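Structure data follow from run_19.cif (mmCIF, N, CA and C atoms):
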data_protein
#
loop_
_atom_site.label_atom_id
_atom_site.label_comp_id
_atom_site.auth_asym_id
_atom_site.auth_seq_id
_atom_site.Cartn_x
_atom_site.Cartn_y
_atom_site.Cartn_z
N GLN A 1 17.32 9.86 -31.73
CA GLN A 1 16.62 10.23 -30.50
C GLN A 1 16.21 8.97 -29.76
N PHE A 2 16.61 8.87 -28.50
CA PHE A 2 16.26 7.72 -27.68
C PHE A 2 14.81 7.86 -27.23
N GLU A 3 14.04 6.79 -27.41
CA GLU A 3 12.64 6.84 -27.02
C GLU A 3 12.17 5.47 -26.54
N LEU A 4 11.40 5.48 -25.49
CA LEU A 4 10.72 4.29 -25.00
C LEU A 4 9.23 4.53 -25.13
N VAL A 5 8.53 3.54 -25.62
CA VAL A 5 7.09 3.67 -25.81
C VAL A 5 6.40 2.48 -25.16
N GLU A 6 5.54 2.77 -24.20
CA GLU A 6 4.75 1.75 -23.55
C GLU A 6 3.43 1.56 -24.28
N SER A 7 2.91 0.34 -24.24
CA SER A 7 1.61 0.06 -24.82
C SER A 7 1.00 -1.12 -24.09
N GLY A 8 -0.27 -1.35 -24.34
CA GLY A 8 -0.95 -2.50 -23.76
C GLY A 8 -1.85 -2.18 -22.59
N GLY A 9 -1.84 -0.94 -22.15
CA GLY A 9 -2.73 -0.56 -21.07
C GLY A 9 -4.17 -0.48 -21.53
N GLY A 10 -5.04 -0.27 -20.57
CA GLY A 10 -6.46 -0.18 -20.91
C GLY A 10 -7.31 -0.43 -19.70
N LEU A 11 -8.59 -0.65 -19.97
CA LEU A 11 -9.56 -0.93 -18.92
C LEU A 11 -9.73 -2.44 -18.79
N VAL A 12 -9.63 -2.92 -17.58
CA VAL A 12 -9.77 -4.35 -17.33
C VAL A 12 -10.59 -4.55 -16.06
N GLN A 13 -11.34 -5.62 -16.02
CA GLN A 13 -12.14 -5.91 -14.84
C GLN A 13 -11.28 -6.51 -13.74
N PRO A 14 -11.71 -6.36 -12.50
CA PRO A 14 -10.96 -6.98 -11.40
C PRO A 14 -10.77 -8.47 -11.64
N GLY A 15 -9.57 -8.93 -11.35
CA GLY A 15 -9.23 -10.32 -11.61
C GLY A 15 -8.66 -10.57 -12.99
N GLY A 16 -8.70 -9.57 -13.83
CA GLY A 16 -8.24 -9.72 -15.20
C GLY A 16 -6.74 -9.61 -15.35
N SER A 17 -6.32 -9.73 -16.61
CA SER A 17 -4.89 -9.71 -16.93
C SER A 17 -4.61 -8.72 -18.05
N LEU A 18 -3.37 -8.26 -18.07
CA LEU A 18 -2.89 -7.41 -19.16
C LEU A 18 -1.43 -7.72 -19.39
N ARG A 19 -0.99 -7.51 -20.61
CA ARG A 19 0.43 -7.57 -20.92
C ARG A 19 0.85 -6.22 -21.47
N LEU A 20 1.73 -5.58 -20.75
CA LEU A 20 2.27 -4.31 -21.18
C LEU A 20 3.55 -4.54 -21.97
N SER A 21 3.78 -3.68 -22.94
CA SER A 21 4.99 -3.74 -23.76
C SER A 21 5.75 -2.44 -23.64
N CYS A 22 7.05 -2.55 -23.72
CA CYS A 22 7.94 -1.39 -23.70
C CYS A 22 8.87 -1.54 -24.89
N ALA A 23 8.68 -0.71 -25.89
CA ALA A 23 9.47 -0.79 -27.11
C ALA A 23 10.44 0.38 -27.19
N ALA A 24 11.60 0.12 -27.74
CA ALA A 24 12.63 1.15 -27.85
C ALA A 24 12.82 1.56 -29.29
N SER A 25 13.11 2.81 -29.47
CA SER A 25 13.51 3.30 -30.79
C SER A 25 14.70 4.23 -30.61
N GLY A 26 15.61 4.17 -31.57
CA GLY A 26 16.78 5.03 -31.50
C GLY A 26 17.94 4.46 -30.72
N PHE A 27 17.73 3.30 -30.09
CA PHE A 27 18.83 2.67 -29.38
C PHE A 27 18.53 1.18 -29.22
N THR A 28 19.53 0.43 -28.86
CA THR A 28 19.39 -1.02 -28.72
C THR A 28 18.98 -1.34 -27.30
N LEU A 29 17.72 -1.75 -27.15
CA LEU A 29 17.18 -2.00 -25.82
C LEU A 29 17.97 -3.07 -25.08
N GLY A 30 18.52 -4.02 -25.83
CA GLY A 30 19.23 -5.13 -25.22
C GLY A 30 20.51 -4.75 -24.49
N ARG A 31 20.92 -3.50 -24.60
CA ARG A 31 22.11 -3.04 -23.89
C ARG A 31 21.77 -2.39 -22.56
N TYR A 32 20.48 -2.36 -22.23
CA TYR A 32 20.02 -1.68 -21.03
C TYR A 32 19.21 -2.60 -20.14
N ALA A 33 19.38 -2.45 -18.83
CA ALA A 33 18.41 -3.01 -17.91
C ALA A 33 17.14 -2.16 -18.01
N ILE A 34 16.00 -2.81 -17.88
CA ILE A 34 14.72 -2.11 -18.01
C ILE A 34 13.89 -2.31 -16.75
N GLY A 35 13.32 -1.24 -16.31
CA GLY A 35 12.44 -1.31 -15.15
C GLY A 35 11.04 -0.87 -15.48
N TRP A 36 10.10 -1.39 -14.74
CA TRP A 36 8.71 -0.94 -14.81
C TRP A 36 8.33 -0.30 -13.48
N PHE A 37 7.65 0.82 -13.57
CA PHE A 37 7.19 1.56 -12.41
C PHE A 37 5.75 1.98 -12.66
N ARG A 38 5.08 2.39 -11.63
CA ARG A 38 3.72 2.90 -11.80
C ARG A 38 3.49 4.05 -10.84
N GLN A 39 2.54 4.88 -11.22
CA GLN A 39 2.16 5.99 -10.37
C GLN A 39 0.66 6.22 -10.45
N ALA A 40 0.02 6.12 -9.31
CA ALA A 40 -1.41 6.39 -9.21
C ALA A 40 -1.62 7.84 -8.81
N PRO A 41 -2.77 8.41 -9.14
CA PRO A 41 -3.03 9.81 -8.78
C PRO A 41 -2.84 10.04 -7.29
N GLY A 42 -2.09 11.07 -6.96
CA GLY A 42 -1.91 11.44 -5.57
C GLY A 42 -0.94 10.56 -4.80
N LYS A 43 -0.31 9.62 -5.49
CA LYS A 43 0.62 8.71 -4.81
C LYS A 43 2.02 8.83 -5.40
N GLU A 44 2.99 8.37 -4.66
CA GLU A 44 4.35 8.36 -5.14
C GLU A 44 4.55 7.24 -6.16
N ARG A 45 5.58 7.43 -6.98
CA ARG A 45 5.91 6.40 -7.95
C ARG A 45 6.34 5.13 -7.21
N GLU A 46 5.89 4.00 -7.75
CA GLU A 46 6.13 2.71 -7.10
C GLU A 46 6.86 1.79 -8.06
N GLU A 47 7.83 1.06 -7.53
CA GLU A 47 8.56 0.13 -8.37
C GLU A 47 7.77 -1.16 -8.56
N ILE A 48 7.84 -1.71 -9.78
CA ILE A 48 7.14 -2.94 -10.10
C ILE A 48 8.11 -4.07 -10.30
N SER A 49 8.99 -3.90 -11.28
CA SER A 49 9.90 -4.98 -11.62
C SER A 49 11.01 -4.44 -12.50
N CYS A 50 12.10 -5.19 -12.59
CA CYS A 50 13.16 -4.86 -13.53
C CYS A 50 13.78 -6.14 -14.05
N ILE A 51 14.47 -5.99 -15.19
CA ILE A 51 15.14 -7.13 -15.82
C ILE A 51 16.47 -6.65 -16.36
N SER A 52 17.49 -7.46 -16.19
CA SER A 52 18.83 -7.10 -16.64
C SER A 52 18.90 -7.09 -18.16
N ALA A 53 19.98 -6.53 -18.67
CA ALA A 53 20.13 -6.38 -20.11
C ALA A 53 20.07 -7.72 -20.84
N ASN A 54 20.66 -8.74 -20.25
CA ASN A 54 20.66 -10.05 -20.90
C ASN A 54 19.49 -10.92 -20.49
N GLY A 55 18.64 -10.40 -19.63
CA GLY A 55 17.45 -11.13 -19.21
C GLY A 55 17.70 -12.16 -18.13
N GLY A 56 18.92 -12.26 -17.66
CA GLY A 56 19.25 -13.30 -16.71
C GLY A 56 18.88 -12.99 -15.27
N ASN A 57 18.64 -11.74 -14.97
CA ASN A 57 18.30 -11.34 -13.60
C ASN A 57 17.03 -10.51 -13.61
N THR A 58 16.15 -10.81 -12.67
CA THR A 58 14.91 -10.06 -12.51
C THR A 58 14.71 -9.75 -11.03
N VAL A 59 14.03 -8.65 -10.79
CA VAL A 59 13.67 -8.25 -9.44
C VAL A 59 12.22 -7.82 -9.46
N TYR A 60 11.49 -8.14 -8.41
CA TYR A 60 10.09 -7.76 -8.32
C TYR A 60 9.84 -6.98 -7.05
N GLY A 61 8.98 -5.96 -7.16
CA GLY A 61 8.57 -5.22 -5.99
C GLY A 61 7.65 -6.05 -5.12
N ASP A 62 7.64 -5.77 -3.84
CA ASP A 62 6.88 -6.58 -2.90
C ASP A 62 5.38 -6.54 -3.17
N SER A 63 4.88 -5.44 -3.66
CA SER A 63 3.43 -5.30 -3.80
C SER A 63 2.86 -6.11 -4.96
N VAL A 64 3.73 -6.55 -5.90
CA VAL A 64 3.19 -7.20 -7.09
C VAL A 64 3.87 -8.51 -7.43
N LYS A 65 4.85 -8.92 -6.65
CA LYS A 65 5.75 -9.98 -7.09
C LYS A 65 5.05 -11.30 -7.38
N ASP A 66 3.90 -11.54 -6.81
CA ASP A 66 3.21 -12.81 -7.08
C ASP A 66 2.26 -12.71 -8.25
N ARG A 67 2.17 -11.53 -8.85
CA ARG A 67 1.16 -11.33 -9.88
C ARG A 67 1.71 -10.83 -11.21
N VAL A 68 3.00 -10.59 -11.26
CA VAL A 68 3.56 -10.07 -12.50
C VAL A 68 4.78 -10.89 -12.92
N THR A 69 5.02 -10.89 -14.21
CA THR A 69 6.20 -11.52 -14.77
C THR A 69 6.80 -10.58 -15.80
N ILE A 70 8.09 -10.31 -15.65
CA ILE A 70 8.78 -9.46 -16.61
C ILE A 70 9.61 -10.35 -17.54
N SER A 71 9.66 -9.97 -18.79
CA SER A 71 10.45 -10.72 -19.76
C SER A 71 10.90 -9.75 -20.84
N ARG A 72 11.82 -10.23 -21.67
CA ARG A 72 12.28 -9.37 -22.75
C ARG A 72 12.61 -10.19 -23.99
N ASP A 73 12.45 -9.55 -25.12
CA ASP A 73 12.82 -10.13 -26.40
C ASP A 73 13.74 -9.12 -27.06
N ASN A 74 15.03 -9.30 -26.88
CA ASN A 74 15.97 -8.31 -27.40
C ASN A 74 15.98 -8.26 -28.92
N ALA A 75 15.63 -9.37 -29.54
CA ALA A 75 15.54 -9.36 -31.00
C ALA A 75 14.43 -8.43 -31.47
N GLU A 76 13.39 -8.31 -30.67
CA GLU A 76 12.26 -7.43 -30.98
C GLU A 76 12.41 -6.07 -30.32
N ASN A 77 13.51 -5.87 -29.58
CA ASN A 77 13.74 -4.58 -28.91
C ASN A 77 12.59 -4.21 -27.98
N THR A 78 12.06 -5.21 -27.26
CA THR A 78 10.86 -5.01 -26.46
C THR A 78 10.98 -5.75 -25.14
N VAL A 79 10.46 -5.12 -24.10
CA VAL A 79 10.32 -5.74 -22.79
C VAL A 79 8.84 -5.83 -22.45
N TYR A 80 8.44 -6.91 -21.82
CA TYR A 80 7.04 -7.14 -21.50
C TYR A 80 6.83 -7.21 -19.99
N LEU A 81 5.63 -6.84 -19.59
CA LEU A 81 5.21 -7.02 -18.21
C LEU A 81 3.84 -7.69 -18.24
N GLN A 82 3.81 -8.94 -17.87
CA GLN A 82 2.56 -9.69 -17.80
C GLN A 82 1.98 -9.54 -16.40
N MET A 83 0.75 -9.06 -16.33
CA MET A 83 0.11 -8.83 -15.04
C MET A 83 -1.17 -9.64 -14.96
N SER A 84 -1.41 -10.24 -13.82
CA SER A 84 -2.62 -11.00 -13.62
C SER A 84 -3.23 -10.67 -12.27
N GLY A 85 -4.46 -11.11 -12.07
CA GLY A 85 -5.13 -10.85 -10.81
C GLY A 85 -5.23 -9.37 -10.49
N LEU A 86 -5.46 -8.56 -11.50
CA LEU A 86 -5.48 -7.11 -11.30
C LEU A 86 -6.65 -6.69 -10.43
N GLN A 87 -6.38 -5.70 -9.60
CA GLN A 87 -7.36 -5.17 -8.67
C GLN A 87 -7.44 -3.66 -8.84
N PRO A 88 -8.51 -3.03 -8.36
CA PRO A 88 -8.63 -1.58 -8.51
C PRO A 88 -7.42 -0.81 -8.01
N GLU A 89 -6.76 -1.31 -7.00
CA GLU A 89 -5.58 -0.61 -6.48
C GLU A 89 -4.38 -0.68 -7.42
N ASP A 90 -4.49 -1.47 -8.47
CA ASP A 90 -3.44 -1.50 -9.49
C ASP A 90 -3.64 -0.40 -10.55
N THR A 91 -4.72 0.33 -10.44
CA THR A 91 -4.96 1.42 -11.37
C THR A 91 -3.88 2.48 -11.24
N ALA A 92 -3.24 2.78 -12.35
CA ALA A 92 -2.12 3.73 -12.34
C ALA A 92 -1.63 3.92 -13.77
N VAL A 93 -0.75 4.87 -13.93
CA VAL A 93 0.02 4.97 -15.17
C VAL A 93 1.29 4.15 -14.99
N TYR A 94 1.53 3.28 -15.94
CA TYR A 94 2.68 2.39 -15.87
C TYR A 94 3.76 2.88 -16.83
N TYR A 95 4.97 2.97 -16.31
CA TYR A 95 6.10 3.49 -17.07
C TYR A 95 7.21 2.44 -17.17
N CYS A 96 7.89 2.43 -18.29
CA CYS A 96 9.13 1.67 -18.38
C CYS A 96 10.28 2.66 -18.48
N ALA A 97 11.44 2.21 -18.06
CA ALA A 97 12.62 3.06 -18.04
C ALA A 97 13.87 2.23 -18.32
N ALA A 98 14.88 2.87 -18.84
CA ALA A 98 16.13 2.20 -19.21
C ALA A 98 17.26 2.65 -18.31
N ASP A 99 18.00 1.67 -17.80
CA ASP A 99 19.13 1.91 -16.92
C ASP A 99 20.41 1.60 -17.70
N GLY A 100 21.22 2.63 -17.91
CA GLY A 100 22.40 2.48 -18.77
C GLY A 100 23.62 1.90 -18.09
N ARG A 101 23.53 1.49 -16.84
CA ARG A 101 24.71 0.94 -16.18
C ARG A 101 25.16 -0.36 -16.82
N ALA A 102 24.26 -1.01 -17.52
CA ALA A 102 24.65 -2.25 -18.21
C ALA A 102 25.68 -1.98 -19.30
N LEU A 103 25.73 -0.76 -19.79
CA LEU A 103 26.72 -0.42 -20.82
C LEU A 103 28.14 -0.60 -20.31
N ALA A 104 28.29 -0.52 -18.98
CA ALA A 104 29.61 -0.69 -18.37
C ALA A 104 29.84 -2.13 -17.94
N GLY A 105 28.93 -3.01 -18.32
CA GLY A 105 29.12 -4.41 -18.03
C GLY A 105 28.31 -4.95 -16.86
N TRP A 106 27.53 -4.11 -16.23
CA TRP A 106 26.73 -4.57 -15.09
C TRP A 106 25.65 -5.50 -15.56
N GLU A 107 25.53 -6.63 -14.92
CA GLU A 107 24.59 -7.66 -15.36
C GLU A 107 23.37 -7.78 -14.46
N GLY A 108 23.12 -6.80 -13.66
CA GLY A 108 21.97 -6.85 -12.79
C GLY A 108 20.91 -5.85 -13.17
N CYS A 109 19.97 -5.66 -12.27
CA CYS A 109 19.00 -4.58 -12.38
C CYS A 109 18.58 -4.21 -10.97
N ALA A 110 18.04 -3.04 -10.83
CA ALA A 110 17.64 -2.56 -9.50
C ALA A 110 16.40 -1.69 -9.64
N LEU A 111 15.70 -1.53 -8.56
CA LEU A 111 14.42 -0.83 -8.60
C LEU A 111 14.50 0.60 -8.04
N GLN A 112 15.69 1.15 -7.99
CA GLN A 112 15.81 2.55 -7.58
C GLN A 112 15.54 3.43 -8.81
N ASP A 113 14.47 4.16 -8.78
CA ASP A 113 14.08 4.88 -10.00
C ASP A 113 15.09 5.95 -10.40
N TYR A 114 15.85 6.46 -9.45
CA TYR A 114 16.82 7.50 -9.77
C TYR A 114 17.99 6.99 -10.61
N GLU A 115 18.12 5.68 -10.72
CA GLU A 115 19.20 5.11 -11.51
C GLU A 115 18.85 5.03 -13.00
N TYR A 116 17.62 5.29 -13.35
CA TYR A 116 17.17 5.10 -14.72
C TYR A 116 17.37 6.36 -15.54
N ASP A 117 17.83 6.19 -16.76
CA ASP A 117 18.25 7.30 -17.60
C ASP A 117 17.15 7.79 -18.55
N PHE A 118 16.37 6.87 -19.10
CA PHE A 118 15.34 7.24 -20.06
C PHE A 118 14.01 6.67 -19.60
N TRP A 119 12.96 7.45 -19.79
CA TRP A 119 11.62 7.05 -19.38
C TRP A 119 10.67 7.19 -20.54
N GLY A 120 9.70 6.27 -20.58
CA GLY A 120 8.63 6.41 -21.55
C GLY A 120 7.56 7.35 -21.03
N GLN A 121 6.53 7.55 -21.83
CA GLN A 121 5.46 8.47 -21.47
C GLN A 121 4.38 7.80 -20.63
N GLY A 122 4.42 6.50 -20.56
CA GLY A 122 3.47 5.79 -19.71
C GLY A 122 2.25 5.28 -20.46
N THR A 123 1.64 4.26 -19.90
CA THR A 123 0.38 3.73 -20.41
C THR A 123 -0.58 3.55 -19.24
N GLN A 124 -1.80 3.98 -19.44
CA GLN A 124 -2.79 3.96 -18.36
C GLN A 124 -3.38 2.56 -18.21
N VAL A 125 -3.40 2.08 -16.98
CA VAL A 125 -4.09 0.83 -16.64
C VAL A 125 -5.19 1.18 -15.65
N THR A 126 -6.41 0.83 -16.00
CA THR A 126 -7.54 1.08 -15.14
C THR A 126 -8.24 -0.24 -14.85
N VAL A 127 -8.37 -0.54 -13.58
CA VAL A 127 -9.03 -1.78 -13.17
C VAL A 127 -10.34 -1.41 -12.50
N SER A 128 -11.42 -1.77 -13.15
CA SER A 128 -12.73 -1.38 -12.66
C SER A 128 -13.80 -2.28 -13.25
N SER A 129 -14.85 -2.49 -12.46
CA SER A 129 -15.98 -3.26 -12.97
C SER A 129 -17.03 -2.34 -13.57
#
Final structure tokens representation of the file:
Amino acid sequence: QFELVESGGGLVQPGGSLRLSCAASGFTLGRYAIGWFRQAPGKEREEISCISANGGNTVYGDSVKDRVTISRDNAENTVYLQMSGLQPEDTAVYYCAADGRALAGWEGCALQDYEYDFWGQGTQVTVSS
């Protein structure tokens, strides 16, 4: 069974940092591009960042690109999202997802959520004083 599990969310004060993790079970994460998305209550899902299967290509959404860094450790079957300078408007459920186009040799990643095949259950990030 293919599964993605996010972790690392929690309550953080404004200006703080968090590192989210996306771990895979049942499949080899290193064969997939991975994206991070978030959704706040009452808002549409928003793209954060993605990283190609080999880690050579990354893309960042405009709203967060100066404050987040995506990375991956394929040996650990995990992708990370390091976030800093968090503000209350960053409060949301954060999801990771796997894009299987890399299985056909594609070496990029993209932030169109409809391209992603598997999604995790999300981890809550709350930024509040």
Report as a Markdown table: every residue of region 6-81 of chain A with an atom at most 7 Å from region 110-115 of chain A, its closest pair of atoms, and their distance in Å to one decimal, counting all atoms listed in the file, with rows sorted by chain and ascending residue number.
| residue | atom | partner | partner_atom | distance |
| --- | --- | --- | --- | --- |
| A:Gly35 | CA | A:Ala110 | C | 6.8 |
| A:Glu47 | CA | A:Leu111 | CA | 5.9 |
| A:Ile48 | N | A:Leu111 | CA | 6.7 |
| A:Ser49 | C | A:Leu111 | CA | 6.3 |
| A:Cys50 | CA | A:Ala110 | N | 5.9 |
| A:Ile51 | N | A:Ala110 | N | 6.4 |
| A:Ser52 | N | A:Ala110 | N | 7.0 |
| A:Val59 | N | A:Ala110 | N | 6.9 |
Run through the PyMOL selection byres (((chain A and resi 4 and name CA) around 12) and name CA) on the given coordinates and return the selected residues as an mmCIF file with N, CA and C atoms, in the coordinates of the input.
data_model
loop_
_atom_site.group_PDB
_atom_site.id
_atom_site.type_symbol
_atom_site.label_atom_id
_atom_site.label_comp_id
_atom_site.auth_asym_id
_atom_site.auth_seq_id
_atom_site.Cartn_x
_atom_site.Cartn_y
_atom_site.Cartn_z
ATOM 1 N N GLN A 1 17.320 9.860 -31.730
ATOM 2 C CA GLN A 1 16.620 10.230 -30.500
ATOM 3 C C GLN A 1 16.210 8.970 -29.760
ATOM 4 N N PHE A 2 16.610 8.870 -28.500
ATOM 5 C CA PHE A 2 16.260 7.720 -27.680
ATOM 6 C C PHE A 2 14.810 7.860 -27.230
ATOM 7 N N GLU A 3 14.040 6.790 -27.410
ATOM 8 C CA GLU A 3 12.640 6.840 -27.020
ATOM 9 C C GLU A 3 12.170 5.470 -26.540
ATOM 10 N N VAL A 5 8.530 3.540 -25.620
ATOM 11 C CA VAL A 5 7.090 3.670 -25.810
ATOM 12 C C VAL A 5 6.400 2.480 -25.160
ATOM 13 N N GLU A 6 5.540 2.770 -24.200
ATOM 14 C CA GLU A 6 4.750 1.750 -23.550
ATOM 15 C C GLU A 6 3.430 1.560 -24.280
ATOM 16 N N SER A 7 2.910 0.340 -24.240
ATOM 17 C CA SER A 7 1.610 0.060 -24.820
ATOM 18 C C SER A 7 1.000 -1.120 -24.090
ATOM 19 N N SER A 21 3.780 -3.680 -22.940
ATOM 20 C CA SER A 21 4.990 -3.740 -23.760
ATOM 21 C C SER A 21 5.750 -2.440 -23.640
ATOM 22 N N CYS A 22 7.050 -2.550 -23.720
ATOM 23 C CA CYS A 22 7.940 -1.390 -23.700
ATOM 24 C C CYS A 22 8.870 -1.540 -24.890
ATOM 25 N N ALA A 23 8.680 -0.710 -25.890
ATOM 26 C CA ALA A 23 9.470 -0.790 -27.110
ATOM 27 C C ALA A 23 10.440 0.380 -27.190
ATOM 28 N N ALA A 24 11.600 0.120 -27.740
ATOM 29 C CA ALA A 24 12.630 1.150 -27.850
ATOM 30 C C ALA A 24 12.820 1.560 -29.290
ATOM 31 N N SER A 25 13.110 2.810 -29.470
ATOM 32 C CA SER A 25 13.510 3.300 -30.790
ATOM 33 C C SER A 25 14.700 4.230 -30.610
ATOM 34 N N GLY A 26 15.610 4.170 -31.570
ATOM 35 C CA GLY A 26 16.780 5.030 -31.500
ATOM 36 C C GLY A 26 17.940 4.460 -30.720
ATOM 37 N N PHE A 27 17.730 3.300 -30.090
ATOM 38 C CA PHE A 27 18.830 2.670 -29.380
ATOM 39 C C PHE A 27 18.530 1.180 -29.220
ATOM 40 N N THR A 28 19.530 0.430 -28.860
ATOM 41 C CA THR A 28 19.390 -1.020 -28.720
ATOM 42 C C THR A 28 18.980 -1.340 -27.300
ATOM 43 N N LEU A 29 17.720 -1.750 -27.150
ATOM 44 C CA LEU A 29 17.180 -2.000 -25.820
ATOM 45 C C LEU A 29 17.970 -3.070 -25.080
ATOM 46 N N TYR A 32 20.480 -2.360 -22.230
ATOM 47 C CA TYR A 32 20.020 -1.680 -21.030
ATOM 48 C C TYR A 32 19.210 -2.600 -20.140
ATOM 49 N N ILE A 34 16.000 -2.810 -17.880
ATOM 50 C CA ILE A 34 14.720 -2.110 -18.010
ATOM 51 C C ILE A 34 13.890 -2.310 -16.750
ATOM 52 N N GLY A 35 13.320 -1.240 -16.310
ATOM 53 C CA GLY A 35 12.440 -1.310 -15.150
ATOM 54 C C GLY A 35 11.040 -0.870 -15.480
ATOM 55 N N TRP A 36 10.100 -1.390 -14.740
ATOM 56 C CA TRP A 36 8.710 -0.940 -14.810
ATOM 57 C C TRP A 36 8.330 -0.300 -13.480
ATOM 58 N N ASN A 77 13.510 -5.870 -29.580
ATOM 59 C CA ASN A 77 13.740 -4.580 -28.910
ATOM 60 C C ASN A 77 12.590 -4.210 -27.980
ATOM 61 N N THR A 78 12.060 -5.210 -27.260
ATOM 62 C CA THR A 78 10.860 -5.010 -26.460
ATOM 63 C C THR A 78 10.980 -5.750 -25.140
ATOM 64 N N VAL A 79 10.460 -5.120 -24.100
ATOM 65 C CA VAL A 79 10.320 -5.740 -22.790
ATOM 66 C C VAL A 79 8.840 -5.830 -22.450
ATOM 67 N N TYR A 95 4.970 2.970 -16.310
ATOM 68 C CA TYR A 95 6.100 3.490 -17.070
ATOM 69 C C TYR A 95 7.210 2.440 -17.170
ATOM 70 N N CYS A 96 7.890 2.430 -18.290
ATOM 71 C CA CYS A 96 9.130 1.670 -18.380
ATOM 72 C C CYS A 96 10.280 2.660 -18.480
ATOM 73 N N ALA A 97 11.440 2.210 -18.060
ATOM 74 C CA ALA A 97 12.620 3.060 -18.040
ATOM 75 C C ALA A 97 13.870 2.230 -18.320
ATOM 76 N N ALA A 98 14.880 2.870 -18.840
ATOM 77 C CA ALA A 98 16.130 2.200 -19.210
ATOM 78 C C ALA A 98 17.260 2.650 -18.310
ATOM 79 N N ASP A 99 18.000 1.670 -17.800
ATOM 80 C CA ASP A 99 19.130 1.910 -16.920
ATOM 81 C C ASP A 99 20.410 1.600 -17.700
ATOM 82 N N ASP A 117 17.830 6.190 -16.760
ATOM 83 C CA ASP A 117 18.250 7.300 -17.600
ATOM 84 C C ASP A 117 17.150 7.790 -18.550
ATOM 85 N N PHE A 118 16.370 6.870 -19.100
ATOM 86 C CA PHE A 118 15.340 7.240 -20.060
ATOM 87 C C PHE A 118 14.010 6.670 -19.600
ATOM 88 N N TRP A 119 12.960 7.450 -19.790
ATOM 89 C CA TRP A 119 11.620 7.050 -19.380
ATOM 90 C C TRP A 119 10.670 7.190 -20.540
ATOM 91 N N GLY A 120 9.700 6.270 -20.580
ATOM 92 C CA GLY A 120 8.630 6.410 -21.550
ATOM 93 C C GLY A 120 7.560 7.350 -21.030
ATOM 94 N N GLN A 121 6.530 7.550 -21.830
ATOM 95 C CA GLN A 121 5.460 8.470 -21.470
ATOM 96 C C GLN A 121 4.380 7.800 -20.630
ATOM 97 N N GLY A 122 4.420 6.500 -20.560
ATOM 98 C CA GLY A 122 3.470 5.790 -19.710
ATOM 99 C C GLY A 122 2.250 5.280 -20.460
ATOM 100 N N THR A 123 1.640 4.260 -19.900
ATOM 101 C CA THR A 123 0.380 3.730 -20.410
ATOM 102 C C THR A 123 -0.580 3.550 -19.240
#
At a cut-off of 7 Å, using only N, CA and C atoms, what residues contact Ser17 (chain A)? Leave out same-chain residues fewer than 5 positions from it and give the result as an mmCIF file with N, CA and C atoms, in the frame of the given file.
data_model
loop_
_atom_site.group_PDB
_atom_site.id
_atom_site.type_symbol
_atom_site.label_atom_id
_atom_site.label_comp_id
_atom_site.auth_asym_id
_atom_site.auth_seq_id
_atom_site.Cartn_x
_atom_site.Cartn_y
_atom_site.Cartn_z
ATOM 1 N N VAL A 12 -9.630 -2.920 -17.580
ATOM 2 C CA VAL A 12 -9.770 -4.350 -17.330
ATOM 3 C C VAL A 12 -10.590 -4.550 -16.060
ATOM 4 N N GLN A 82 3.810 -8.940 -17.870
ATOM 5 C CA GLN A 82 2.560 -9.690 -17.800
ATOM 6 C C GLN A 82 1.980 -9.540 -16.400
ATOM 7 N N MET A 83 0.750 -9.060 -16.330
ATOM 8 C CA MET A 83 0.110 -8.830 -15.040
ATOM 9 C C MET A 83 -1.170 -9.640 -14.960
ATOM 10 N N SER A 84 -1.410 -10.240 -13.820
ATOM 11 C CA SER A 84 -2.620 -11.000 -13.620
ATOM 12 C C SER A 84 -3.230 -10.670 -12.270
ATOM 13 N N GLY A 85 -4.460 -11.110 -12.070
ATOM 14 C CA GLY A 85 -5.130 -10.850 -10.810
ATOM 15 C C GLY A 85 -5.230 -9.370 -10.490
ATOM 16 N N LEU A 86 -5.460 -8.560 -11.500
ATOM 17 C CA LEU A 86 -5.480 -7.110 -11.300
ATOM 18 C C LEU A 86 -6.650 -6.690 -10.430
#
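Of the residues under consideration (A:Gly30, A:Gly108, A:Pro41, A:Gly56), A:Gly30 shows the shortest atom-to-atom contact distance to Asn74 (chain A) when counting only C-alpha atoms.
Distances to Ala53 (chain A) were evaluated for A:Ala33, A:Leu103, A:Gln39, A:Tyr94 using all atoms listed in the file, and the minimum falls at A:Ala33.
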Computed interatomic separation between CA of Glu44 (chain A) and CA of Ser71 (chain A) (Å):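 Taking CA of Glu44 (chain A) and CA of Ser71 (chain A), their separation equals 24.8 Å.
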To verify the selection step, state as a short mmCIF file (atom, residue, chain, number, x, y, z; two decimals) with N, CA and C atoms, keeping the file's coordinate frame which residues the PyMOL selection byres (((chain A and resi 87 and name CA) around 6) and name CA) yields on this input.
data_model
loop_
_atom_site.label_atom_id
_atom_site.label_comp_id
_atom_site.auth_asym_id
_atom_site.auth_seq_id
_atom_site.Cartn_x
_atom_site.Cartn_y
_atom_site.Cartn_z
N PRO A 14 -11.71 -6.36 -12.50
CA PRO A 14 -10.96 -6.98 -11.40
C PRO A 14 -10.77 -8.47 -11.64
N LEU A 86 -5.46 -8.56 -11.50
CA LEU A 86 -5.48 -7.11 -11.30
C LEU A 86 -6.65 -6.69 -10.43
N PRO A 88 -8.51 -3.03 -8.36
CA PRO A 88 -8.63 -1.58 -8.51
C PRO A 88 -7.42 -0.81 -8.01
N GLU A 89 -6.76 -1.31 -7.00
CA GLU A 89 -5.58 -0.61 -6.48
C GLU A 89 -4.38 -0.68 -7.42
N ASP A 90 -4.49 -1.47 -8.47
CA ASP A 90 -3.44 -1.50 -9.49
C ASP A 90 -3.64 -0.40 -10.55
N VAL A 127 -8.37 -0.54 -13.58
CA VAL A 127 -9.03 -1.78 -13.17
C VAL A 127 -10.34 -1.41 -12.50
#
Interatomic distance, CA of Leu18 (chain A) to CA of Glu107 (chain A) (Å, one decimal):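 The value is 27.7 Å.
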All helix (DSSP H, G or I) positions in chain A, as a ChimeraX atom specification: /A:29-31,74-76,88-90,100-104,113-115
